[in-house]
file target.cif (mmCIF, C-alpha atoms)
data_query
#
loop_
_atom_site.label_atom_id
_atom_site.label_comp_id
_atom_site.auth_asym_id
_atom_site.auth_seq_id
_atom_site.Cartn_x
_atom_site.Cartn_y
_atom_site.Cartn_z
CA MET U 1 85.42 150.15 75.00
CA ALA U 2 85.99 146.42 74.96
CA THR U 3 85.34 144.56 78.18
CA GLN U 4 88.39 142.83 79.57
CA HIS U 5 87.96 139.35 80.95
CA PHE U 6 90.50 138.37 83.55
CA SER U 7 90.96 134.64 83.97
CA PRO U 8 92.06 133.50 87.42
CA ALA U 9 95.57 132.19 87.76
CA LEU U 10 95.97 128.43 87.77
CA ARG U 11 96.04 127.06 91.25
CA VAL U 12 98.91 124.90 92.31
CA PRO U 13 97.56 121.49 93.38
CA ALA U 14 98.01 120.73 97.05
CA ALA U 15 100.84 118.27 97.58
CA SER U 16 100.34 115.38 99.96
CA PRO U 17 102.85 115.12 102.79
CA ALA U 18 105.75 112.83 102.03
CA TYR U 19 105.33 109.28 103.32
CA PRO U 20 108.00 108.18 105.82
CA MET U 21 110.83 106.35 104.10
CA ALA U 22 112.94 103.58 105.58
CA LYS U 23 116.72 103.73 105.71
CA PRO U 24 118.45 103.01 102.37
CA GLY U 25 118.22 99.28 101.67
CA TYR U 26 115.21 98.73 103.94
CA GLY U 27 111.47 99.01 103.44
CA LYS U 28 109.17 98.13 100.57
CA ARG U 29 110.53 96.30 97.53
CA SER U 30 108.28 95.58 94.53
CA ALA U 31 108.33 92.03 93.18
CA PRO U 32 108.34 91.36 89.41
CA ASP U 33 105.56 89.90 87.22
CA GLN U 34 102.90 92.37 88.32
CA ARG U 35 99.98 93.22 86.08
CA PRO U 36 99.11 96.89 85.39
CA ARG U 37 96.85 98.64 87.87
CA THR U 38 93.11 98.34 87.29
CA ARG U 39 90.00 99.36 89.21
CA ASP U 40 89.36 95.71 90.11
CA ASP U 41 92.67 95.20 91.96
CA PHE U 42 92.09 93.45 95.30
CA ALA U 43 88.35 93.14 94.54
CA LEU U 44 88.20 89.67 96.12
CA LEU U 45 89.60 90.88 99.45
CA PRO U 46 87.46 92.04 102.38
CA THR U 47 86.97 95.77 102.85
CA ARG U 48 89.75 96.31 105.39
CA GLU U 49 92.33 94.25 103.53
CA ARG U 50 91.39 95.92 100.23
CA TYR U 51 91.85 99.33 101.88
CA VAL U 52 95.29 98.44 103.27
CA ALA U 53 96.40 96.73 100.04
CA GLY U 54 95.43 99.74 97.92
CA PHE U 55 97.43 102.03 100.20
CA VAL U 56 100.53 99.80 100.27
CA ASP U 57 100.43 99.29 96.50
CA HIS U 58 100.87 103.03 95.89
CA LEU U 59 103.73 103.47 98.34
CA PRO U 60 107.12 104.29 96.76
CA GLU U 61 110.06 101.92 96.77
CA GLY U 62 111.85 101.94 100.11
CA ALA U 63 108.82 103.18 102.06
CA ALA U 64 108.68 102.22 105.73
CA MET U 65 106.48 99.15 106.18
CA SER U 66 106.32 98.70 109.94
CA VAL U 67 102.90 98.20 111.52
CA LYS U 68 103.33 101.34 113.64
CA THR U 69 104.16 103.51 110.61
CA LEU U 70 101.25 102.17 108.55
CA ALA U 71 98.83 102.68 111.44
CA LYS U 72 99.87 106.35 111.71
CA GLN U 73 99.10 106.87 108.02
CA LEU U 74 95.80 104.95 107.90
CA PRO U 75 93.24 106.75 110.07
CA LEU U 76 90.55 104.06 109.99
CA TYR U 77 92.47 101.26 111.72
CA GLY U 78 94.89 100.78 114.59
CA GLN U 79 98.05 98.72 114.88
CA GLN U 80 96.27 95.47 115.72
CA ALA U 81 93.97 95.77 112.70
CA ILE U 82 96.89 96.64 110.40
CA SER U 83 98.89 93.66 111.69
CA THR U 84 95.95 91.32 111.04
CA SER U 85 95.48 92.78 107.55
CA LEU U 86 99.15 92.25 106.66
CA ASN U 87 98.85 88.62 107.79
CA ALA U 88 95.82 88.21 105.53
CA LEU U 89 97.63 89.82 102.58
CA SER U 90 100.54 87.45 103.14
CA VAL U 91 98.19 84.46 103.06
CA ALA U 92 96.56 85.84 99.89
CA GLY U 93 99.96 85.94 98.16
CA HIS U 94 100.63 89.69 97.99
CA LEU U 95 103.36 90.13 100.62
CA ARG U 96 106.49 88.51 102.04
CA ARG U 97 108.92 89.80 104.69
CA VAL U 98 112.62 88.84 104.47
CA ARG U 99 115.90 89.72 106.16
CA CYS U 100 119.24 89.88 104.32
CA PRO U 101 122.72 89.99 105.93
CA VAL U 102 125.10 92.83 105.08
CA VAL U 103 128.71 93.27 106.10
CA GLY U 104 129.51 96.30 108.22
CA ALA U 105 132.80 97.58 109.59
CA GLY U 106 135.29 94.82 110.31
CA ASP U 107 133.61 91.47 110.95
CA GLU U 108 130.30 93.05 111.92
CA THR U 109 127.25 91.61 110.20
CA ARG U 110 123.99 93.52 110.15
CA TRP U 111 120.58 92.58 108.79
CA VAL U 112 118.48 94.46 106.27
CA PHE U 113 114.73 93.96 106.62
CA ARG U 114 112.64 94.20 103.47
CA THR U 115 108.98 93.71 102.61
CA PHE U 116 108.44 92.35 99.11
CA TRP U 117 105.09 93.44 97.68
CA SER U 118 103.19 92.22 94.63
CA ARG U 119 99.97 93.72 93.37
CA THR U 120 99.33 90.42 91.59
CA ALA U 121 98.81 87.57 94.05
CA HIS U 122 101.28 84.68 93.66
CA ASP U 123 101.33 81.20 95.14
CA ASN U 124 103.98 79.77 97.44
CA GLU U 125 105.83 78.10 94.56
CA TRP U 126 106.29 81.44 92.77
CA TRP U 127 107.48 83.21 95.92
CA ASN U 128 109.96 80.44 96.76
CA THR U 129 111.41 80.57 93.23
CA TYR U 130 111.70 84.35 93.29
CA LEU U 131 113.36 84.43 96.72
CA ALA U 132 115.74 81.71 95.57
CA THR U 133 116.81 84.08 92.77
CA GLU U 134 117.39 86.79 95.35
CA GLN U 135 119.40 84.25 97.38
CA ALA U 136 121.62 83.50 94.36
CA THR U 137 122.26 87.20 93.82
CA LEU U 138 123.08 87.67 97.49
CA THR U 139 125.45 84.71 97.52
CA ALA U 140 127.42 85.96 94.53
CA ALA U 141 127.80 89.53 95.83
CA PRO U 142 130.52 90.36 98.41
CA THR U 143 128.29 92.90 100.17
CA LEU U 144 124.70 93.84 99.79
CA SER U 145 124.39 97.33 98.36
CA LEU U 146 122.56 99.72 100.65
CA SER U 147 121.95 102.23 97.90
CA ALA U 148 118.47 103.25 96.92
CA PRO U 149 116.64 100.63 94.82
CA ASP U 150 117.38 100.94 91.10
CA THR U 151 113.78 101.05 90.11
CA ALA U 152 111.74 103.87 88.69
CA PRO U 153 109.34 105.64 91.08
CA PRO U 154 105.79 104.27 90.95
CA LEU U 155 102.81 106.16 89.68
CA PRO U 156 101.36 108.83 92.01
CA PRO U 157 98.66 107.64 94.39
CA GLU U 158 95.19 107.39 92.95
CA PRO U 159 91.97 107.84 94.92
CA GLU U 160 90.54 104.64 96.32
CA ARG U 161 87.68 103.45 94.12
CA PRO U 162 84.75 101.55 95.59
CA ALA U 163 84.22 97.97 94.54
CA PRO U 164 81.50 97.33 91.92
CA GLU U 165 78.04 96.97 93.41
CA GLN U 166 77.50 93.66 91.62
CA THR U 167 80.40 92.04 93.49
CA PRO U 168 79.28 90.59 96.86
CA GLU U 169 81.45 91.38 99.85
CA PRO U 170 83.55 88.28 100.69
CA THR U 171 83.88 87.13 104.24
CA SER U 172 87.38 85.70 104.15
CA VAL U 173 90.69 86.29 102.41
CA PRO U 174 91.26 83.99 99.41
CA HIS U 175 94.18 81.65 99.90
CA GLN U 176 96.90 81.10 97.36
CA ARG U 177 96.54 78.31 94.85
CA THR U 178 99.39 76.59 93.05
CA PRO U 179 98.25 76.43 89.41
CA ASP U 180 98.61 73.22 87.45
CA ARG U 181 100.76 74.30 84.58
CA ALA U 182 102.81 72.32 82.14
CA PRO U 183 106.56 72.82 82.07
CA ASP U 184 107.91 75.32 79.62
CA THR U 185 108.47 73.32 76.48
CA ASP U 186 109.06 76.22 74.10
CA PRO U 187 112.28 75.69 72.16
CA ALA U 188 115.12 78.01 72.92
CA PRO U 189 115.81 80.68 70.30
CA PRO U 190 118.27 79.46 67.69
CA ALA U 191 121.85 80.49 68.16
CA PRO U 192 122.74 83.24 65.71
CA ALA U 193 126.15 81.75 65.03
CA THR U 194 125.03 80.75 61.51
CA ALA U 195 123.31 84.05 60.82
CA PRO U 196 124.84 86.33 58.21
CA ALA U 197 127.44 88.77 59.42
CA THR U 198 126.16 92.10 60.72
CA PRO U 199 127.90 95.46 60.78
CA HIS U 200 128.64 94.89 64.50
CA THR U 201 131.48 92.39 64.61
CA ALA U 202 130.97 92.04 68.38
CA GLY U 203 127.42 90.75 67.80
CA THR U 204 128.54 87.14 68.04
CA SER U 205 129.89 87.38 71.60
CA PRO U 206 127.85 85.73 74.40
CA ALA U 207 127.57 89.05 76.24
CA TYR U 208 126.14 90.82 73.17
CA LEU U 209 123.66 88.02 72.50
CA ALA U 210 122.52 87.98 76.15
CA LEU U 211 121.75 91.70 75.96
CA ALA U 212 120.00 91.38 72.61
CA ARG U 213 117.73 88.60 73.92
CA LEU U 214 116.51 90.62 76.90
CA GLY U 215 113.87 92.29 74.76
CA ARG U 216 112.48 88.91 73.71
CA ASP U 217 111.93 87.90 77.33
CA ASP U 218 110.56 91.28 78.46
CA HIS U 219 109.59 94.10 76.08
CA ARG U 220 110.55 96.70 78.73
CA LEU U 221 114.23 95.84 78.14
CA THR U 222 114.29 96.06 74.35
CA LEU U 223 117.69 97.39 73.22
CA SER U 224 118.94 98.63 69.89
CA ALA U 225 122.10 97.30 68.26
CA ASP U 226 124.01 100.40 69.38
CA ASP U 227 122.75 99.93 72.95
CA CYS U 228 123.94 96.32 72.97
CA ALA U 229 127.34 97.33 71.63
CA THR U 230 127.62 100.05 74.30
CA LEU U 231 126.77 97.71 77.19
CA GLU U 232 128.68 94.71 75.81
CA PRO U 233 131.99 95.43 77.63
CA GLN U 234 130.22 95.61 80.99
CA ALA U 235 128.28 92.40 80.36
CA ALA U 236 131.46 90.67 79.16
CA GLU U 237 133.15 91.63 82.45
CA TRP U 238 130.43 89.66 84.28
CA LEU U 239 131.13 86.56 82.18
CA THR U 240 134.87 86.81 82.79
CA ARG U 241 134.15 86.58 86.52
CA GLY U 242 132.73 83.09 86.15
CA VAL U 243 128.96 83.69 86.02
CA SER U 244 126.78 82.09 83.36
CA VAL U 245 124.62 83.82 80.77
CA ASP U 246 121.50 82.63 82.64
CA TYR U 247 122.76 84.22 85.86
CA LEU U 248 123.47 87.49 84.01
CA THR U 249 119.98 87.50 82.49
CA THR U 250 118.29 86.78 85.82
CA ALA U 251 120.21 89.53 87.62
CA LEU U 252 119.26 92.09 84.95
CA THR U 253 115.55 91.18 84.77
CA ALA U 254 114.67 90.52 88.44
CA GLY U 255 112.49 93.10 90.18
CA LEU U 256 111.80 95.38 87.23
CA PRO U 257 109.53 98.40 87.79
CA ALA U 258 106.15 98.53 86.07
CA GLN U 259 107.45 101.06 83.54
CA VAL U 260 111.02 101.41 82.25
CA ASP U 261 111.65 104.76 80.60
CA SER U 262 115.31 104.13 79.68
CA PRO U 263 116.24 100.44 79.28
CA VAL U 264 119.87 101.22 78.49
CA GLY U 265 120.19 103.49 81.54
CA LEU U 266 118.61 100.97 83.91
CA LEU U 267 120.77 98.11 82.58
CA ARG U 268 123.94 100.20 82.76
CA ARG U 269 123.25 100.89 86.43
CA ARG U 270 122.51 97.25 87.22
CA LEU U 271 125.60 96.07 85.39
CA THR U 272 127.61 98.48 87.52
CA ASP U 273 125.92 98.02 90.91
CA LYS U 274 125.33 94.25 90.82
CA ILE U 275 128.56 93.04 89.26
CA PRO U 276 129.70 89.83 91.02
CA PRO U 277 133.04 89.66 92.81
CA GLN U 278 136.24 88.62 91.12
CA LEU U 279 136.90 85.03 92.12
CA PRO U 280 140.34 84.43 93.67
CA THR U 281 142.92 82.34 91.88
CA GLU U 282 143.27 78.67 92.71
CA ASN U 283 146.44 79.24 94.74
CA ALA U 284 144.95 82.05 96.81
CA GLN U 285 143.63 80.98 100.20
CA PRO U 286 141.29 83.21 102.20
CA ALA U 287 142.61 84.18 105.60
CA THR U 288 139.43 83.12 107.36
CA PRO U 289 136.49 81.16 105.96
CA THR U 290 133.55 83.37 105.12
CA PRO U 291 130.21 82.06 106.36
CA PRO U 292 127.70 81.53 103.57
CA ARG U 293 125.25 84.35 103.13
CA ARG U 294 121.63 83.48 103.43
CA LEU U 295 118.30 85.15 102.87
CA LEU U 296 115.69 84.39 105.53
CA MET U 297 111.98 84.96 105.28
CA GLU U 298 110.19 86.35 108.32
CA CYS U 299 106.81 85.34 109.64
CA THR U 300 104.53 88.24 108.74
CA ASP U 301 102.83 88.02 112.13
CA CYS U 302 105.50 87.31 114.77
CA GLY U 303 108.73 87.94 112.80
CA ARG U 304 110.18 84.45 113.37
CA PRO U 305 112.87 83.81 110.69
CA GLY U 306 113.07 80.69 108.56
CA GLN U 307 113.59 79.35 105.06
CA PRO U 308 110.84 80.23 102.54
CA GLU U 309 109.79 76.58 102.28
CA ALA U 310 109.20 76.45 106.05
CA LEU U 311 106.89 79.50 106.02
CA PRO U 312 104.04 78.79 103.58
CA ASP U 313 101.74 81.78 103.14
CA GLY U 314 104.48 83.82 104.86
CA LEU U 315 103.46 82.53 108.30
CA CYS U 316 105.14 80.16 110.75
CA ARG U 317 103.26 77.08 111.94
CA PRO U 318 101.87 78.55 115.22
CA CYS U 319 100.70 81.75 113.53
CA ARG U 320 99.29 79.81 110.59
CA GLU U 321 97.28 77.59 112.94
CA THR U 322 96.04 80.63 114.83
CA HIS U 323 95.06 82.31 111.57
CA SER U 324 93.23 79.19 110.36
CA THR U 325 91.42 78.76 113.65
CA ALA U 326 90.28 82.37 113.64
CA ASP U 327 88.91 81.98 110.11
CA GLU U 328 87.18 78.65 110.69
CA THR U 329 85.57 79.17 114.12
CA PRO U 330 84.04 82.67 114.41
CA PRO U 331 82.39 83.49 117.74
CA HIS U 332 78.79 82.39 118.08
CA PRO U 333 76.22 85.20 118.45
CA THR U 334 75.11 83.78 121.80
CA GLU U 335 78.68 84.01 123.11
CA ILE U 336 78.85 87.66 122.10
CA ALA U 337 75.55 88.33 123.86
CA ASP U 338 76.76 86.58 127.02
CA VAL U 339 79.91 88.71 127.08
CA LYS U 340 77.90 91.90 126.70
CA ALA U 341 75.50 90.84 129.48
CA HIS U 342 78.42 90.02 131.77
CA MET U 343 80.03 93.42 131.15
CA ASN U 344 76.73 95.22 131.82
CA ASN U 345 76.39 93.31 135.10
CA LEU U 346 79.90 94.35 136.12
CA ARG U 347 79.12 97.98 135.37
CA ASP U 348 75.97 97.81 137.51
CA LEU U 349 77.94 96.38 140.41
CA LEU U 350 80.47 99.20 140.18
CA LYS U 351 77.87 101.94 140.31
CA PRO U 352 77.73 103.82 143.65
CA VAL U 353 74.83 102.91 145.89
#
call {"tool": "encode", "arguments": {"input": "target.cif", "output": "structure tokens"}}
result
Amino acid sequence: MATQHFSPALRVPAASPAYPMAKPGYGKRSAPDQRPRTRDDFALLPTRERYVAGFVDHLPEGAAMSVKTLAKQLPLYGQQAISTSLNALSVAGHLRRVRCPVVGAGDETRWVFRTFWSRTAHDNEWWNTYLATEQATLTAAPTLSLSAPDTAPPLPPEPERPAPEQTPEPTSVPHQRTPDRAPDTDPAPPAPATAPATPHTAGTSPAYLALARLGRDDHRLTLSADDCATLEPQAAEWLTRGVSVDYLTTALTAGLPAQVDSPVGLLRRRLTDKIPPQLPTENAQPATPTPPRRLLMECTDCGRPGQPEALPDGLCRPCRETHSTADETPPHPTEIADVKAHMNNLRDLLKPV
């Protein structure tokens, strides 16, 4: 009689508890221009900052980013240590906190607080340019959408990998550096007006050409001719509302996720959700003047608002001076010994006779 071999049933992997999410429109927001994940990400950061950065990098879009929430999820450090680590990550160019106004019921104006995160460290010039793009989008929109971010979910969390043994442990967080780069002198792609006629007669419209050129700027948004023809009416509606082709391109390419599974689906949603308002006619007069919308950056440490240019490294002047002083003048070993001796003396005095 043949021996039967029973194989055990496959075990269902244990699922990690869901991370707390912020309210729709709040929380973590991934910045564009991030390189793919590698084992050497954050290798130049100290141990604590590398630990916090690796955890934040794997959080989903819209995750709660308050110091209290992060401290509850990270067992090794408390709120003070997490706050100091976020300040260091801001100085290193990975993080910026901003607040955006939204219109509520009636004339009520509320603020949405977001934390922009970038796995790839960027200098102050890059962050100021990116936030200026967000400012332009906010200015053109009548209300800020509080729907969930239109980005694909990030990859599942990976186990934290130790740094290579050959890399010495740094003692301070590297500061941002503004690279010396020449201006973009590449010629613009030639206008296809003189190209031979294609089967799509709508291929010569500015909206069609703007969609077709997205794949040249970013391979994640490569569209076929049929995709461009499908999305052309929506893109043309943007242009009829007074925006330029450059504005349309920037709005469609800003804040892309690391991986785009359906370019036509993502662009259709953005064309629908981010469409600018219809400008009133010249004779129409608004009943009351609308105050200009503005996007304010917050100091990562104390939360003081200000323009991005006034908060280099994401810190206000007092917090930046405090951070620099703490990095430049560490306590002397003799001072530490004196404090310990003083505390021991106090304990001896408090002992019962």
call {"tool": "resolve_selection", "arguments": {"input": "target.cif", "expression": "the PyMOL selection byres ((chain U and resi 297) around 6)", "output": "mmCIF file with C-alpha atoms, in the frame of the given file"}}
result
data_model
loop_
_atom_site.group_PDB
_atom_site.id
_atom_site.type_symbol
_atom_site.label_atom_id
_atom_site.label_comp_id
_atom_site.auth_asym_id
_atom_site.auth_seq_id
_atom_site.Cartn_x
_atom_site.Cartn_y
_atom_site.Cartn_z
ATOM 1 C CA ARG U 97 108.920 89.800 104.690
ATOM 2 C CA VAL U 98 112.620 88.840 104.470
ATOM 3 C CA LEU U 296 115.690 84.390 105.530
ATOM 4 C CA GLU U 298 110.190 86.350 108.320
ATOM 5 C CA PRO U 305 112.870 83.810 110.690
ATOM 6 C CA GLY U 306 113.070 80.690 108.560
ATOM 7 C CA GLN U 307 113.590 79.350 105.060
ATOM 8 C CA PRO U 308 110.840 80.230 102.540
#
call {"tool": "resolve_selection", "arguments": {"input": "target.cif", "expression": "the PyMOL selection byres ((chain U and resi 232) around 12)", "output": "NGL selection string"}}
result
:U and (200-212 or 223 or 225-231 or 233-239 or 264 or 267-268 or 271)
call {"tool": "resolve_selection", "arguments": {"input": "target.cif", "expression": "the PyMOL selection byres ((chain U and resi 112-125) around 7)", "output": "PDB file with C-alpha atoms, keeping the file's coordinate frame"}}
result
ATOM      1  CA  GLY U  25     118.220  99.280 101.670  1.00  0.00           C
ATOM      2  CA  TYR U  26     115.210  98.730 103.940  1.00  0.00           C
ATOM      3  CA  GLY U  27     111.470  99.010 103.440  1.00  0.00           C
ATOM      4  CA  LYS U  28     109.170  98.130 100.570  1.00  0.00           C
ATOM      5  CA  ARG U  29     110.530  96.300  97.530  1.00  0.00           C
ATOM      6  CA  SER U  30     108.280  95.580  94.530  1.00  0.00           C
ATOM      7  CA  ALA U  31     108.330  92.030  93.180  1.00  0.00           C
ATOM      8  CA  GLN U  34     102.900  92.370  88.320  1.00  0.00           C
ATOM      9  CA  ARG U  35      99.980  93.220  86.080  1.00  0.00           C
ATOM     10  CA  ASP U  57     100.430  99.290  96.500  1.00  0.00           C
ATOM     11  CA  MET U  65     106.480  99.150 106.180  1.00  0.00           C
ATOM     12  CA  ALA U  92      96.560  85.840  99.890  1.00  0.00           C
ATOM     13  CA  GLY U  93      99.960  85.940  98.160  1.00  0.00           C
ATOM     14  CA  HIS U  94     100.630  89.690  97.990  1.00  0.00           C
ATOM     15  CA  LEU U  95     103.360  90.130 100.620  1.00  0.00           C
ATOM     16  CA  ARG U  96     106.490  88.510 102.040  1.00  0.00           C
ATOM     17  CA  ARG U  97     108.920  89.800 104.690  1.00  0.00           C
ATOM     18  CA  VAL U  98     112.620  88.840 104.470  1.00  0.00           C
ATOM     19  CA  ARG U  99     115.900  89.720 106.160  1.00  0.00           C
ATOM     20  CA  CYS U 100     119.240  89.880 104.320  1.00  0.00           C
ATOM     21  CA  PRO U 101     122.720  89.990 105.930  1.00  0.00           C
ATOM     22  CA  VAL U 102     125.100  92.830 105.080  1.00  0.00           C
ATOM     23  CA  ARG U 110     123.990  93.520 110.150  1.00  0.00           C
ATOM     24  CA  TRP U 111     120.580  92.580 108.790  1.00  0.00           C
ATOM     25  CA  TRP U 126     106.290  81.440  92.770  1.00  0.00           C
ATOM     26  CA  TRP U 127     107.480  83.210  95.920  1.00  0.00           C
ATOM     27  CA  ASN U 128     109.960  80.440  96.760  1.00  0.00           C
ATOM     28  CA  THR U 129     111.410  80.570  93.230  1.00  0.00           C
ATOM     29  CA  GLN U 176      96.900  81.100  97.360  1.00  0.00           C
ATOM     30  CA  ARG U 177      96.540  78.310  94.850  1.00  0.00           C
ATOM     31  CA  THR U 178      99.390  76.590  93.050  1.00  0.00           C
ATOM     32  CA  PRO U 312     104.040  78.790 103.580  1.00  0.00           C
ATOM     33  CA  ASP U 313     101.740  81.780 103.140  1.00  0.00           C
TER      34      ASP U 313
END
call {"tool": "atom_distance", "arguments": {"input": "target.cif", "atom1": "atom CA of U:Lys274", "atom2": "atom CA of U:Leu252"}}
result
8.7 Å
call {"tool": "closest_residue", "arguments": {"input": "target.cif", "among": "U:His342, U:Thr222, U:Asp246, U:Thr334", "to": "U:Ser262", "atoms": "only C-alpha atoms"}}
result
U:Thr222
call {"tool": "atom_distance", "arguments": {"input": "target.cif", "atom1": "atom CA of U:His219", "atom2": "atom CA of U:Glu61"}}
result
22.1 Å
call {"tool": "closest_residue", "arguments": {"input": "target.cif", "among": "U:Tyr19, U:Lys351, U:Phe42, U:Ser90", "to": "U:Lys72", "atoms": "only C-alpha atoms"}}
result
U:Tyr19
call {"tool": "atom_distance", "arguments": {"input": "target.cif", "atom1": "atom CA of U:Asn87", "atom2": "atom CA of U:Lys23"}}
result
23.5 Å
call {"tool": "residues_around", "arguments": {"input": "target.cif", "residues": "U:Leu70", "least_positions_apart": "5", "cutoff": "12 Å", "atoms": "all atoms listed in the file", "output": "PyMOL selection string"}}
result
chain U and resi 19-21+27-28+51-53+55-56+59+63-65+75-83+85-86
